[in-house]
Every structure is written in C-alpha cells, then in structure tokens.
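Asks: This is the structure I want to talk about, given as structure tokens.
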Amino acid sequence: MPKPEERGREQIFRIHTREMNLAEDVDFERLAREATEASGADVKAICTEAGMFAIRDDRTEVTEQDFVDAWEKIQAEEEDEEVSKTFA
C-alpha cells in the first residue's frame, strides 16, 4: 500500500488527535509536510507518542514539539529495527 501524500497525512493527524487537548501551536499542515516518509500507521504512532510525552510531563495539552519529538523517536526506532534485521 502506498504511503499517503501530504494532504492524506494531514487528515490522518486530524483523525487521530480528535480526542486530544492540543496546544494552539499545533500546525497539522507543517507536521504533514515534515513527516514525508510516514505511513498512516506511523502518523497514528506519532499522535499516540506525542500524547505520551505530554502525559509524562504532567501536561494537559499536547504541543507541536511533542509531535516533532515523537516523529524523531519513531524514526530512530525504525532505524534500530533495520540494523537488527541486518544482523539477524
């Protein structure tokens, strides 16, 4: 299945954050533009992880930086999986 284009990623962000308390700085267009290699599952994981960052910091709102940090974490985990497969 092909990865979603920018507009599709933006909509997926919106769907998976409907129930979240978002800070005013969250810009779905920018997030979708930055996450160029993200699949739909990746976007869902980004949203979930961003929420976890806010919870860990005992905040009631998820900020754009939470989404950025979540994407970086997910990319790092995917790179680690690729390295593991190489040596399996």
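Just so we're on the same page: first chain in the structure tokens is A, next is B, and so on; residues restart at 1 for each chain, and ligands are numbered from 1 in the order they show up.
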Just the residues within 10 Å of range 22-32 of chain A, please, counting only C-alpha atoms, with nothing from its chain fewer than 4 positions along; format it as a PyMOL selection string.

Replies: chain A and resi 4-14+17-18+36-38+43+51+60-68+71

Asks: Kindly give the distance, in Å, that separates CA of Gln75 in chain A and CA of Pro2 in chain A, rounded to a single decimal.

Replies: 18.1 Å

Asks: Could you state the separation of CA of Arg59 in chain A and CA of Glu78 in chain A in Å, given to one decimal place?

Replies: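 Result for CA of Arg59 in chain A versus CA of Glu78 in chain A: 27.2 Å, one decimal.
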
Asks: Report the residues of chain A whose backbone DSSP state falls under helix (DSSP H, G or I), written as a ChimeraX atom specification.

Replies: /A:6-16,28-34,40-56,64-86

Asks: Mind checking which residues fall within 12 Å of Ile74 in chain A, counting only C-alpha atoms, ignoring those fewer than 2 positions away in the same chain, and posting them as a ChimeraX atom specification?

Replies: /A:35,37-39,41-50,67-72,76-81
